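See below for entry_35.cif, which holds mmCIF, C-alpha atoms and all ligand atoms.
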data_query
#
loop_
_atom_site.group_PDB
_atom_site.id
_atom_site.type_symbol
_atom_site.label_atom_id
_atom_site.label_comp_id
_atom_site.auth_asym_id
_atom_site.auth_seq_id
_atom_site.Cartn_x
_atom_site.Cartn_y
_atom_site.Cartn_z
ATOM 1 C CA HIS C 258 -14.389 -7.488 0.352
ATOM 2 C CA ALA C 259 -15.207 -4.232 -1.388
ATOM 3 C CA GLN C 260 -18.756 -3.966 -0.044
ATOM 4 C CA ASP C 261 -18.191 -4.775 3.592
ATOM 5 C CA LYS C 262 -15.354 -3.081 5.447
ATOM 6 C CA LEU C 263 -15.402 -5.619 8.308
ATOM 7 C CA VAL C 264 -15.073 -8.537 5.902
ATOM 8 C CA MET C 265 -12.243 -6.644 4.158
ATOM 9 C CA ARG C 266 -10.378 -5.924 7.416
ATOM 10 C CA ARG C 267 -10.598 -9.567 8.543
ATOM 11 C CA ARG C 268 -9.288 -10.828 5.232
ATOM 12 C CA LEU C 269 -6.450 -8.313 4.976
ATOM 13 C CA ARG C 270 -5.395 -9.141 8.534
ATOM 14 C CA ALA C 271 -5.354 -12.848 7.634
ATOM 15 C CA LEU C 272 -3.128 -12.011 4.635
ATOM 16 C CA GLY C 273 -0.760 -9.979 6.821
ATOM 17 C CA ILE C 274 -1.393 -6.752 4.861
ATOM 18 C CA PRO C 275 -0.671 -3.601 6.937
ATOM 19 C CA CYS C 276 -3.938 -1.945 8.065
ATOM 20 C CA PRO C 277 -4.892 0.668 10.664
ATOM 21 C CA ASP C 278 -5.506 -0.825 14.107
ATOM 22 C CA TRP C 279 -9.202 -1.799 14.123
ATOM 23 C CA ALA C 280 -11.946 -3.479 16.090
ATOM 24 C CA HIS C 281 -15.422 -4.823 15.509
ATOM 25 C CA VAL C 282 -17.751 -2.788 17.721
ATOM 26 C CA THR C 283 -21.267 -3.876 18.648
ATOM 27 C CA SER C 284 -21.806 -1.896 21.857
ATOM 28 C CA ARG C 285 -20.864 1.232 23.741
ATOM 29 C CA ALA C 286 -18.643 -0.913 25.966
ATOM 30 C CA ASP C 287 -16.742 -2.251 22.913
ATOM 31 C CA LEU C 288 -16.209 1.286 21.640
ATOM 32 C CA GLU C 289 -15.024 2.537 25.029
ATOM 33 C CA ALA C 290 -12.586 -0.367 25.326
ATOM 34 C CA PHE C 291 -11.146 0.276 21.841
ATOM 35 C CA GLY C 292 -10.910 4.013 22.577
ATOM 36 C CA ARG C 293 -8.973 3.270 25.759
ATOM 37 C CA ARG C 294 -6.587 1.101 23.768
ATOM 38 C CA VAL C 295 -5.884 3.332 20.729
ATOM 39 C CA GLY C 296 -6.920 6.751 22.063
ATOM 40 C CA TRP C 297 -9.552 9.289 21.006
ATOM 41 C CA PRO C 298 -10.487 10.611 18.557
ATOM 42 C CA LEU C 299 -10.933 7.498 16.474
ATOM 43 C CA VAL C 300 -12.661 6.731 13.193
ATOM 44 C CA LEU C 301 -15.963 4.867 13.166
ATOM 45 C CA LYS C 302 -17.395 3.347 9.983
ATOM 46 C CA THR C 303 -20.585 1.625 8.951
ATOM 47 C CA PRO C 304 -19.387 -1.600 7.329
ATOM 48 C CA ARG C 305 -21.696 -1.268 4.307
ATOM 49 C CA GLY C 306 -23.234 1.377 2.127
ATOM 50 C CA GLY C 307 -20.698 4.197 2.651
ATOM 51 C CA TYR C 308 -19.116 6.240 -0.133
ATOM 52 C CA ASP C 309 -17.410 9.628 -0.429
ATOM 53 C CA GLY C 310 -16.980 9.738 3.353
ATOM 54 C CA LYS C 311 -20.635 9.008 4.108
ATOM 55 C CA GLY C 312 -20.675 6.297 6.730
ATOM 56 C CA VAL C 313 -17.320 7.505 8.114
ATOM 57 C CA ARG C 314 -17.206 9.589 11.271
ATOM 58 C CA VAL C 315 -14.465 10.888 13.528
ATOM 59 C CA VAL C 316 -15.654 10.394 17.122
ATOM 60 C CA THR C 317 -14.155 11.937 20.228
ATOM 61 C CA GLY C 318 -16.098 9.633 22.563
ATOM 62 C CA PRO C 319 -19.042 7.209 22.610
ATOM 63 C CA ASP C 320 -21.564 10.063 22.780
ATOM 64 C CA ASP C 321 -20.612 11.094 19.231
ATOM 65 C CA ALA C 322 -21.742 7.656 18.069
ATOM 66 C CA ARG C 323 -24.957 7.380 20.070
ATOM 67 C CA ASP C 324 -27.247 7.250 16.998
ATOM 68 C CA TRP C 325 -25.196 4.551 15.282
ATOM 69 C CA LEU C 326 -24.856 2.505 18.481
ATOM 70 C CA ASP C 327 -28.632 2.787 18.973
ATOM 71 C CA ALA C 328 -29.184 1.589 15.395
ATOM 72 C CA VAL C 329 -26.867 -1.358 15.949
ATOM 73 C CA GLU C 330 -28.651 -2.268 19.160
ATOM 74 C CA ALA C 331 -32.080 -1.883 17.562
ATOM 75 C CA ALA C 332 -31.026 -4.174 14.717
ATOM 76 C CA GLY C 333 -29.911 -6.860 17.164
ATOM 77 C CA ALA C 334 -26.147 -6.640 17.164
ATOM 78 C CA GLY C 335 -23.441 -9.224 17.023
ATOM 79 C CA GLY C 336 -25.166 -12.068 15.182
ATOM 80 C CA THR C 337 -22.950 -13.348 12.429
ATOM 81 C CA ASP C 338 -19.261 -13.660 11.746
ATOM 82 C CA GLY C 339 -19.712 -11.025 9.072
ATOM 83 C CA GLU C 340 -18.282 -13.111 6.245
ATOM 84 C CA HIS C 341 -21.630 -13.185 4.434
ATOM 85 C CA GLY C 342 -24.123 -10.380 4.286
ATOM 86 C CA THR C 343 -23.073 -8.112 7.116
ATOM 87 C CA THR C 344 -25.529 -5.302 7.830
ATOM 88 C CA MET C 345 -25.748 -2.601 10.512
ATOM 89 C CA ALA C 346 -27.013 -5.504 12.650
ATOM 90 C CA ASP C 347 -23.453 -6.810 12.638
ATOM 91 C CA GLY C 348 -22.125 -3.666 14.246
ATOM 92 C CA LEU C 349 -19.541 -1.074 13.305
ATOM 93 C CA LEU C 350 -15.895 -0.923 12.320
ATOM 94 C CA ALA C 351 -13.758 1.214 14.618
ATOM 95 C CA GLU C 352 -10.291 2.258 13.469
ATOM 96 C CA ALA C 353 -7.445 4.116 15.079
ATOM 97 C CA MET C 354 -7.090 7.590 13.595
ATOM 98 C CA VAL C 355 -4.123 7.342 11.239
ATOM 99 C CA GLY C 356 -1.809 10.359 11.134
ATOM 100 C CA PHE C 357 -1.096 9.855 7.441
ATOM 101 C CA THR C 358 1.138 12.146 5.412
ATOM 102 C CA ARG C 359 -1.063 11.705 2.333
ATOM 103 C CA GLU C 360 -3.413 9.263 0.618
ATOM 104 C CA LEU C 361 -2.271 7.026 -2.221
ATOM 105 C CA ALA C 362 -3.943 4.480 -4.479
ATOM 106 C CA VAL C 363 -2.713 1.499 -6.459
ATOM 107 C CA LEU C 364 -4.722 0.290 -9.417
ATOM 108 C CA VAL C 365 -4.283 -3.261 -10.670
ATOM 109 C CA ALA C 366 -5.985 -5.491 -13.202
ATOM 110 C CA ARG C 367 -6.123 -9.278 -13.166
ATOM 111 C CA SER C 368 -7.493 -11.729 -15.696
ATOM 112 C CA PRO C 369 -9.008 -15.162 -14.959
ATOM 113 C CA SER C 370 -5.901 -16.898 -16.294
ATOM 114 C CA GLY C 371 -3.867 -14.951 -13.742
ATOM 115 C CA GLN C 372 -2.147 -12.279 -15.841
ATOM 116 C CA ALA C 373 -1.880 -9.091 -13.808
ATOM 117 C CA ALA C 374 -0.852 -5.503 -14.430
ATOM 118 C CA VAL C 375 -0.311 -2.512 -12.177
ATOM 119 C CA TRP C 376 -0.324 1.211 -12.950
ATOM 120 C CA PRO C 377 2.015 3.680 -11.217
ATOM 121 C CA VAL C 378 1.007 4.521 -7.629
ATOM 122 C CA VAL C 379 -0.953 7.799 -7.512
ATOM 123 C CA GLU C 380 -1.652 10.426 -4.863
ATOM 124 C CA THR C 381 -5.321 11.117 -4.157
ATOM 125 C CA VAL C 382 -6.118 14.512 -2.652
ATOM 126 C CA GLN C 383 -9.314 14.553 -0.558
ATOM 127 C CA THR C 384 -11.405 17.570 0.396
ATOM 128 C CA ASP C 385 -14.144 17.030 3.010
ATOM 129 C CA GLY C 386 -13.983 13.254 2.501
ATOM 130 C CA ILE C 387 -14.297 13.504 -1.297
ATOM 131 C CA CYS C 388 -11.436 12.884 -3.716
ATOM 132 C CA THR C 389 -10.935 16.139 -5.619
ATOM 133 C CA GLU C 390 -7.595 15.595 -7.362
ATOM 134 C CA VAL C 391 -5.348 12.703 -8.438
ATOM 135 C CA LEU C 392 -1.635 13.146 -9.204
ATOM 136 C CA ALA C 393 -0.088 10.449 -11.368
ATOM 137 C CA PRO C 394 2.458 9.307 -10.432
ATOM 138 C CA ALA C 395 2.480 10.279 -6.728
ATOM 139 C CA PRO C 396 5.142 13.029 -6.498
ATOM 140 C CA ASP C 397 8.367 12.183 -4.627
ATOM 141 C CA LEU C 398 7.161 8.717 -3.683
ATOM 142 C CA ASP C 399 9.885 6.518 -2.242
ATOM 143 C CA PRO C 400 10.512 3.909 -4.999
ATOM 144 C CA GLU C 401 10.821 1.114 -2.485
ATOM 145 C CA LEU C 402 7.471 2.017 -0.916
ATOM 146 C CA ALA C 403 5.946 2.185 -4.404
ATOM 147 C CA SER C 404 7.118 -1.324 -5.207
ATOM 148 C CA ARG C 405 6.018 -2.733 -1.852
ATOM 149 C CA ALA C 406 2.555 -1.166 -2.208
ATOM 150 C CA SER C 407 2.271 -2.412 -5.796
ATOM 151 C CA GLU C 408 3.281 -5.933 -4.765
ATOM 152 C CA SER C 409 0.684 -5.886 -1.974
ATOM 153 C CA ALA C 410 -2.044 -4.813 -4.381
ATOM 154 C CA LEU C 411 -1.101 -7.563 -6.852
ATOM 155 C CA ARG C 412 -1.027 -10.082 -4.020
ATOM 156 C CA ILE C 413 -4.468 -9.013 -2.755
ATOM 157 C CA ALA C 414 -5.867 -9.336 -6.297
ATOM 158 C CA GLY C 415 -4.399 -12.831 -6.605
ATOM 159 C CA GLU C 416 -5.485 -14.026 -3.158
ATOM 160 C CA LEU C 417 -9.032 -12.720 -3.600
ATOM 161 C CA GLY C 418 -9.279 -14.079 -7.147
ATOM 162 C CA VAL C 419 -10.101 -10.669 -8.614
ATOM 163 C CA THR C 420 -11.182 -10.512 -12.265
ATOM 164 C CA GLY C 421 -10.963 -7.031 -13.769
ATOM 165 C CA VAL C 422 -9.751 -3.801 -12.225
ATOM 166 C CA MET C 423 -9.256 -3.255 -8.497
ATOM 167 C CA ALA C 424 -8.122 -0.135 -6.645
ATOM 168 C CA VAL C 425 -6.366 -0.327 -3.296
ATOM 169 C CA GLU C 426 -6.624 2.903 -1.298
ATOM 170 C CA LEU C 427 -3.660 3.547 0.980
ATOM 171 C CA PHE C 428 -2.502 5.900 3.686
ATOM 172 C CA GLU C 429 1.150 6.894 3.486
ATOM 173 C CA THR C 430 2.643 6.963 6.984
ATOM 174 C CA ARG C 431 6.061 6.815 8.671
ATOM 175 C CA ASP C 432 7.363 3.832 10.555
ATOM 176 C CA GLY C 433 9.041 4.065 13.970
ATOM 177 C CA ASP C 434 12.329 5.064 12.303
ATOM 178 C CA GLY C 435 10.706 7.802 10.198
ATOM 179 C CA ARG C 436 10.862 5.761 6.989
ATOM 180 C CA PRO C 437 7.894 5.863 4.592
ATOM 181 C CA ALA C 438 5.316 3.119 5.175
ATOM 182 C CA TYR C 439 1.728 2.440 4.177
ATOM 183 C CA LEU C 440 -1.535 1.109 5.552
ATOM 184 C CA VAL C 441 -4.412 -0.158 3.424
ATOM 185 C CA ASN C 442 -7.596 1.885 3.829
ATOM 186 C CA GLU C 443 -9.986 0.077 1.531
ATOM 187 C CA LEU C 444 -10.515 -1.920 -1.651
ATOM 188 C CA ALA C 445 -12.662 -1.048 -4.666
ATOM 189 C CA MET C 446 -13.227 -3.895 -7.116
ATOM 190 C CA ARG C 447 -14.009 -1.924 -10.230
ATOM 191 C CA PRO C 448 -12.598 0.834 -12.354
ATOM 192 C CA HIS C 449 -12.144 3.564 -9.781
ATOM 193 C CA ASN C 450 -12.010 7.336 -9.488
ATOM 194 C CA SER C 451 -8.286 7.110 -8.681
ATOM 195 C CA GLY C 452 -7.807 5.568 -12.149
ATOM 196 C CA HIS C 453 -9.681 8.095 -14.296
ATOM 197 C CA TRP C 454 -6.350 9.704 -15.200
ATOM 198 C CA THR C 455 -5.520 6.534 -17.193
ATOM 199 C CA ILE C 456 -8.131 7.422 -19.844
ATOM 200 C CA ASP C 457 -5.813 10.151 -21.155
ATOM 201 C CA GLY C 458 -2.552 9.604 -19.276
ATOM 202 C CA SER C 459 -1.824 5.909 -19.767
ATOM 203 C CA VAL C 460 -1.268 3.724 -22.819
ATOM 204 C CA THR C 461 -4.170 1.578 -21.567
ATOM 205 C CA SER C 462 -7.116 3.102 -19.728
ATOM 206 C CA GLN C 463 -8.600 1.306 -16.751
ATOM 207 C CA PHE C 464 -11.844 0.774 -18.690
ATOM 208 C CA GLU C 465 -10.129 -0.893 -21.663
ATOM 209 C CA GLN C 466 -8.059 -2.958 -19.240
ATOM 210 C CA HIS C 467 -11.149 -4.047 -17.347
ATOM 211 C CA LEU C 468 -12.687 -5.371 -20.569
ATOM 212 C CA ARG C 469 -9.455 -7.086 -21.608
ATOM 213 C CA ALA C 470 -9.297 -8.706 -18.172
ATOM 214 C CA VAL C 471 -12.879 -9.957 -17.993
ATOM 215 C CA LEU C 472 -12.567 -11.301 -21.563
ATOM 216 C CA ASP C 473 -9.268 -12.970 -20.603
ATOM 217 C CA LEU C 474 -7.477 -11.133 -23.406
ATOM 218 C CA PRO C 475 -3.814 -10.128 -23.012
ATOM 219 C CA LEU C 476 -3.595 -7.033 -20.805
ATOM 220 C CA GLY C 477 -2.441 -3.694 -22.220
ATOM 221 C CA SER C 478 0.603 -1.650 -21.281
ATOM 222 C CA THR C 479 0.197 0.456 -18.133
ATOM 223 C CA ARG C 480 2.991 2.816 -19.159
ATOM 224 C CA SER C 481 2.263 6.529 -18.761
ATOM 225 C CA ARG C 482 1.947 8.706 -21.852
ATOM 226 C CA ALA C 483 3.428 11.727 -20.089
ATOM 227 C CA ARG C 484 5.633 12.537 -17.151
ATOM 228 C CA TRP C 485 2.639 13.760 -15.135
ATOM 229 C CA THR C 486 -1.106 13.516 -15.452
ATOM 230 C CA VAL C 487 -3.424 15.433 -13.135
ATOM 231 C CA MET C 488 -7.080 14.431 -12.804
ATOM 232 C CA GLY C 489 -9.507 16.915 -11.278
ATOM 233 C CA ASN C 490 -12.977 15.820 -10.184
ATOM 234 C CA VAL C 491 -15.839 18.079 -11.175
ATOM 235 C CA LEU C 492 -18.358 18.233 -8.355
ATOM 236 C CA GLY C 493 -21.910 19.454 -8.810
ATOM 237 C CA GLY C 494 -22.336 23.101 -7.809
ATOM 238 C CA ASP C 495 -25.093 25.679 -7.952
ATOM 239 C CA TYR C 496 -24.177 26.576 -11.498
ATOM 240 C CA PRO C 497 -26.221 24.586 -14.010
ATOM 241 C CA GLU C 498 -24.883 26.245 -17.189
ATOM 242 C CA LEU C 499 -22.414 23.434 -17.837
ATOM 243 C CA TYR C 500 -22.504 23.623 -21.619
ATOM 244 C CA ALA C 501 -21.398 27.250 -21.923
ATOM 245 C CA THR C 502 -18.631 26.796 -19.375
ATOM 246 C CA TYR C 503 -17.481 23.629 -21.111
ATOM 247 C CA ARG C 504 -17.121 25.442 -24.453
ATOM 248 C CA HIS C 505 -15.196 28.258 -22.801
ATOM 249 C CA LEU C 506 -12.753 25.855 -21.152
ATOM 250 C CA MET C 507 -12.201 23.792 -24.298
ATOM 251 C CA ALA C 508 -11.197 26.959 -26.114
ATOM 252 C CA ARG C 509 -9.076 28.222 -23.227
ATOM 253 C CA ASP C 510 -7.049 25.016 -22.750
ATOM 254 C CA PRO C 511 -7.005 22.885 -25.904
ATOM 255 C CA ALA C 512 -4.711 20.277 -24.300
ATOM 256 C CA MET C 513 -7.190 19.504 -21.523
ATOM 257 C CA LYS C 514 -9.533 16.516 -21.716
ATOM 258 C CA PHE C 515 -13.077 16.773 -20.360
ATOM 259 C CA HIS C 516 -15.261 13.903 -19.223
ATOM 260 C CA LEU C 517 -18.754 14.864 -18.113
ATOM 261 C CA TYR C 518 -20.980 11.973 -17.090
ATOM 262 C CA GLY C 519 -24.418 13.382 -17.914
ATOM 263 C CA LYS C 520 -25.571 12.822 -14.338
ATOM 264 C CA ASP C 521 -28.086 15.059 -12.601
ATOM 265 C CA VAL C 522 -26.176 17.884 -10.955
ATOM 266 C CA ARG C 523 -26.376 17.769 -7.169
ATOM 267 C CA PRO C 524 -24.086 19.795 -4.909
ATOM 268 C CA GLY C 525 -21.012 17.734 -4.042
ATOM 269 C CA ARG C 526 -21.821 14.873 -6.441
ATOM 270 C CA LYS C 527 -19.054 13.752 -8.814
ATOM 271 C CA ILE C 528 -20.438 14.744 -12.232
ATOM 272 C CA GLY C 529 -17.285 14.588 -14.338
ATOM 273 C CA HIS C 530 -13.547 15.009 -14.401
ATOM 274 C CA VAL C 531 -10.753 16.661 -16.353
ATOM 275 C CA ASP C 532 -7.359 15.200 -17.251
ATOM 276 C CA VAL C 533 -4.309 17.186 -18.226
ATOM 277 C CA SER C 534 -0.801 15.838 -18.913
ATOM 278 C CA GLY C 535 2.641 17.372 -19.256
ATOM 279 C CA ASP C 536 6.017 18.057 -17.648
ATOM 280 C CA ASP C 537 5.211 20.834 -15.150
ATOM 281 C CA LEU C 538 3.179 19.431 -12.254
ATOM 282 C CA ASP C 539 2.394 22.805 -10.656
ATOM 283 C CA ASP C 540 1.124 24.184 -13.951
ATOM 284 C CA LEU C 541 -1.032 21.083 -14.568
ATOM 285 C CA ARG C 542 -2.535 21.288 -11.081
ATOM 286 C CA ALA C 543 -3.351 24.963 -11.500
ATOM 287 C CA ARG C 544 -5.037 24.321 -14.870
ATOM 288 C CA ALA C 545 -7.068 21.365 -13.573
ATOM 289 C CA ARG C 546 -8.089 23.346 -10.473
ATOM 290 C CA HIS C 547 -9.159 26.308 -12.573
ATOM 291 C CA ALA C 548 -11.240 24.139 -14.906
ATOM 292 C CA CYS C 549 -12.998 22.345 -12.037
ATOM 293 C CA ASP C 550 -13.691 25.581 -10.166
ATOM 294 C CA TYR C 551 -15.037 27.160 -13.341
ATOM 295 C CA LEU C 552 -17.277 24.179 -14.140
ATOM 296 C CA GLN C 553 -18.545 24.230 -10.559
ATOM 297 C CA GLY C 554 -19.294 27.946 -10.667
ATOM 298 C CA VAL C 555 -16.814 28.706 -7.878
ATOM 299 C CA ILE C 556 -15.104 31.209 -10.197
ATOM 300 C CA THR C 557 -16.378 32.958 -13.295
ATOM 301 C CA GLU C 558 -13.136 33.973 -15.038
HETATM 302 P P1 LIG Q 601 -15.513 5.755 1.808
HETATM 303 O O1 LIG Q 601 -15.938 4.334 1.722
HETATM 304 O O2 LIG Q 601 -16.615 6.712 2.042
HETATM 305 O O3 LIG Q 601 -14.564 6.161 0.716
HETATM 306 P P2 LIG Q 601 -13.185 5.561 3.562
HETATM 307 O O4 LIG Q 601 -13.126 4.408 4.490
HETATM 308 O O5 LIG Q 601 -12.316 5.522 2.356
HETATM 309 O O6 LIG Q 601 -14.706 5.835 3.181
HETATM 310 O O7 LIG Q 601 -12.870 6.887 4.367
HETATM 311 C C1 LIG Q 601 -13.050 8.177 3.789
HETATM 312 C C2 LIG Q 601 -11.910 9.088 4.192
HETATM 313 O O8 LIG Q 601 -11.856 9.210 5.625
HETATM 314 C C3 LIG Q 601 -10.532 8.561 3.808
HETATM 315 O O9 LIG Q 601 -10.222 8.893 2.481
HETATM 316 C C4 LIG Q 601 -9.646 9.281 4.818
HETATM 317 O O10 LIG Q 601 -9.408 10.624 4.427
HETATM 318 C C5 LIG Q 601 -10.513 9.278 6.068
HETATM 319 N N1 LIG Q 601 -10.221 8.092 6.902
HETATM 320 C C6 LIG Q 601 -10.786 6.867 6.782
HETATM 321 N N2 LIG Q 601 -10.272 5.999 7.686
HETATM 322 C C7 LIG Q 601 -9.351 6.688 8.414
HETATM 323 C C8 LIG Q 601 -8.483 6.351 9.501
HETATM 324 N N3 LIG Q 601 -8.466 5.137 10.062
HETATM 325 N N4 LIG Q 601 -7.670 7.323 9.958
HETATM 326 C C9 LIG Q 601 -7.675 8.575 9.438
HETATM 327 N N5 LIG Q 601 -8.483 8.949 8.423
HETATM 328 C C10 LIG Q 601 -9.311 8.029 7.898
#

Show me the file's structure as structure tokens.
Amino acid sequence: HAQDKLVMRRRLRALGIPCPDWAHVTSRADLEAFGRRVGWPLVLKTPRGGYDGKGVRVVTGPDDARDWLDAVEAAGAGGTDGEHGTTMADGLLAEAMVGFTRELAVLVARSPSGQAAVWPVVETVQTDGICTEVLAPAPDLDPELASRASESALRIAGELGVTGVMAVELFETRDGDGRPAYLVNELAMRPHNSGHWTIDGSVTSQFEQHLRAVLDLPLGSTRSRARWTVMGNVLGGDYPELYATYRHLMARDPAMKFHLYGKDVRPGRKIGHVDVSGDDLDDLRARARHACDYLQGVITE
């Protein structure tokens, strides 16, 4: 359900979880029919292998998807029901373009004996299809929406028999009466980028919780340590002098926490993150943004 977006959509629909309108597309005719129904542009996804927006494309008509449709046709489309081992041969996932107000995520943990825990709902800020910032908790979130989204995430974890940590990525929308609503975008069955803030901002980090869950130990408290925690993703830039910049930032902002993953630096790749907690959200965001820009070489002061 986390590896194949078609399998995930079918299962969530069966559970009655709100999702964007979607269709399984194996031909140009399928795509045209779905486009007529929901309108263009729409969002087309490869069911497997996508991450950070790769494998996701906004298409204004079938011509924008010619290469993918050709690949599907070449692979012999439409074979299986997709429940086991879907590949490009099983076609594409088309979704209506959601006019969301923002993106949210709910992180849950579940142990084999069925104990479950949920962290506060967070806002995930995306830039060019990549999550660049997480605000915990999501500012000004309607409490009723927060509890409905949290209940859905716990229910999904229970129904799918999840062991460990799972993130549910959401779009915040408005219903017909203008009230806040949500749609599920996708599931990630692992500690997730949207939960990195928990390392410093929560009593129990997602990584500790994952181990407690898989070992079937009692789960830890998901209470926040501060009013706000902001997580900023550090993306690889053209500036390889990470160590000097790191030292500078540690001295400049002693309350900030740095997590660099030791990965090879490639432009746009997530190579680390910073966490900073406190009472003034605007100040925290500015400090996290500065640190990430400095580490990426976007700014030098
Ligand atoms: P990935 O697996 O690469 O994370 P996602 O399915 O999460 O791909 O899509 C990446 C981003 O594309 C989302 O975070 C969102 O900004 C945008 N997106 C995805 N699906 C839709 C949709 N149906 N409507 C509008 N935007 C979407």

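For the set C:Asp495, C:Asp278, C:Glu390, C:Asp347, the residue with the smallest atom-to-atom gap to ligand LIG 601 (chain Q) is C:Asp278, counting all atoms listed in the file.
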
Original post:
So which one's closest to Tyr503 (chain C), C:Ala438, C:Ala483, C:Ala395, C:Val531? Using only C-alpha atoms, please.
Top reply: C:Val531

Show me a table, sorted first by chain and then by increasing residue number, of the residues of chain C having an atom at most 10 Å from ligand LIG 601 (chain Q), each with its shortest atom pair and the distance in Å to one decimal, counting all atoms listed in the file and written as CSV.
residue,atom,partner,partner_atom,distance
C:Ala259,CA,Q:LIG601,O1,9.1
C:Gln260,CA,Q:LIG601,O1,8.9
C:Asp261,CA,Q:LIG601,O1,9.6
C:Lys262,CA,Q:LIG601,O4,7.9
C:Cys276,CA,Q:LIG601,N3,8.6
C:Pro277,CA,Q:LIG601,N3,5.8
C:Asp278,CA,Q:LIG601,N3,7.8
C:Trp279,CA,Q:LIG601,N3,8.1
C:Pro298,CA,Q:LIG601,N4,9.6
C:Leu299,CA,Q:LIG601,N3,7.3
C:Val300,CA,Q:LIG601,N3,5.5
C:Leu301,CA,Q:LIG601,N2,8.0
C:Lys302,CA,Q:LIG601,O4,7.0
C:Thr303,CA,Q:LIG601,O1,9.0
C:Pro304,CA,Q:LIG601,O1,8.9
C:Arg305,CA,Q:LIG601,O1,8.4
C:Gly306,CA,Q:LIG601,O1,7.9
C:Gly307,CA,Q:LIG601,O2,4.8
C:Tyr308,CA,Q:LIG601,O2,3.3
C:Asp309,CA,Q:LIG601,O2,3.9
C:Gly310,CA,Q:LIG601,O2,3.3
C:Lys311,CA,Q:LIG601,O2,5.1
C:Gly312,CA,Q:LIG601,O2,6.2
C:Val313,CA,Q:LIG601,O6,5.8
C:Arg314,CA,Q:LIG601,O8,7.8
C:Val315,CA,Q:LIG601,N5,8.1
C:Leu350,CA,Q:LIG601,N3,9.8
C:Ala351,CA,Q:LIG601,N3,8.0
C:Glu352,CA,Q:LIG601,N3,4.8
C:Ala353,CA,Q:LIG601,N3,5.2
C:Met354,CA,Q:LIG601,N4,3.7
C:Val355,CA,Q:LIG601,N4,3.8
C:Gly356,CA,Q:LIG601,C9,6.4
C:Phe357,CA,Q:LIG601,C9,7.0
C:Arg359,CA,Q:LIG601,O10,8.7
C:Glu360,CA,Q:LIG601,O9,7.1
C:Leu361,CA,Q:LIG601,O9,9.4
C:Thr381,CA,Q:LIG601,O9,8.5
C:Val382,CA,Q:LIG601,O9,8.6
C:Gln383,CA,Q:LIG601,O10,6.3
C:Thr384,CA,Q:LIG601,O10,8.3
C:Asp385,CA,Q:LIG601,O10,8.1
C:Gly386,CA,Q:LIG601,C2,5.0
C:Ile387,CA,Q:LIG601,O9,7.2
C:Cys388,CA,Q:LIG601,O9,7.5
C:Glu426,CA,Q:LIG601,O5,7.3
C:Leu427,CA,Q:LIG601,O9,8.6
C:Phe428,CA,Q:LIG601,C4,8.0
C:Leu440,CA,Q:LIG601,N3,9.2
C:Val441,CA,Q:LIG601,N3,9.4
C:Asn442,CA,Q:LIG601,O4,6.1
C:Glu443,CA,Q:LIG601,O5,6.0
C:Leu444,CA,Q:LIG601,O5,8.6
C:Ala445,CA,Q:LIG601,O1,9.0

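With all atoms listed in the file as the atoms that count, the residue of C:Leu411, C:Val365, C:Ala545, C:Ile528 with the shortest distance to Leu476 (chain C) is C:Val365.
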
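Nearest residue to Val282 (chain C) among C:Pro319, C:Pro511, C:Gly489, C:Pro394 is C:Pro319, counting all atoms listed in the file.
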
Subject >> Residues within 9 Å of (-8.2, 4.7, -11.0), file coords, only C-alpha atoms, listed as a PyMOL selection string >> reply: chain C and resi 362-365+376+379+391+422-424+447-455+462-463

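Residue membership of the PyMOL selection byres (((chain C and resi 268) around 12) and not hetatm) in the shown file amounts to His258, Ala259, Asp261, Lys262, Leu263, Val264, Met265, Arg266, Arg267, Leu269, Arg270, Ala271, Leu272, Gly273, Ile274, Pro275, Cys276, Gly339, Glu340, Ile413, Glu416, Leu417, Val441, Glu443 and Leu444 of chain C.
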
Dump C-alpha atoms for the selected residues as an mmCIF file, in the frame of the given file?
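Wrote again-v7.cif, looks like this:
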data_model
loop_
_atom_site.group_PDB
_atom_site.id
_atom_site.type_symbol
_atom_site.label_atom_id
_atom_site.label_comp_id
_atom_site.auth_asym_id
_atom_site.auth_seq_id
_atom_site.Cartn_x
_atom_site.Cartn_y
_atom_site.Cartn_z
ATOM 1 C CA HIS C 258 -14.389 -7.488 0.352
ATOM 2 C CA ALA C 259 -15.207 -4.232 -1.388
ATOM 3 C CA ASP C 261 -18.191 -4.775 3.592
ATOM 4 C CA LYS C 262 -15.354 -3.081 5.447
ATOM 5 C CA LEU C 263 -15.402 -5.619 8.308
ATOM 6 C CA VAL C 264 -15.073 -8.537 5.902
ATOM 7 C CA MET C 265 -12.243 -6.644 4.158
ATOM 8 C CA ARG C 266 -10.378 -5.924 7.416
ATOM 9 C CA ARG C 267 -10.598 -9.567 8.543
ATOM 10 C CA LEU C 269 -6.450 -8.313 4.976
ATOM 11 C CA ARG C 270 -5.395 -9.141 8.534
ATOM 12 C CA ALA C 271 -5.354 -12.848 7.634
ATOM 13 C CA LEU C 272 -3.128 -12.011 4.635
ATOM 14 C CA GLY C 273 -0.760 -9.979 6.821
ATOM 15 C CA ILE C 274 -1.393 -6.752 4.861
ATOM 16 C CA PRO C 275 -0.671 -3.601 6.937
ATOM 17 C CA CYS C 276 -3.938 -1.945 8.065
ATOM 18 C CA GLY C 339 -19.712 -11.025 9.072
ATOM 19 C CA GLU C 340 -18.282 -13.111 6.245
ATOM 20 C CA ILE C 413 -4.468 -9.013 -2.755
ATOM 21 C CA GLU C 416 -5.485 -14.026 -3.158
ATOM 22 C CA LEU C 417 -9.032 -12.720 -3.600
ATOM 23 C CA VAL C 441 -4.412 -0.158 3.424
ATOM 24 C CA GLU C 443 -9.986 0.077 1.531
ATOM 25 C CA LEU C 444 -10.515 -1.920 -1.651
#

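Atom pair CA of Tyr551 (chain C) / CA of Thr502 (chain C) has a distance of 7.0 Å (rounded to one decimal).
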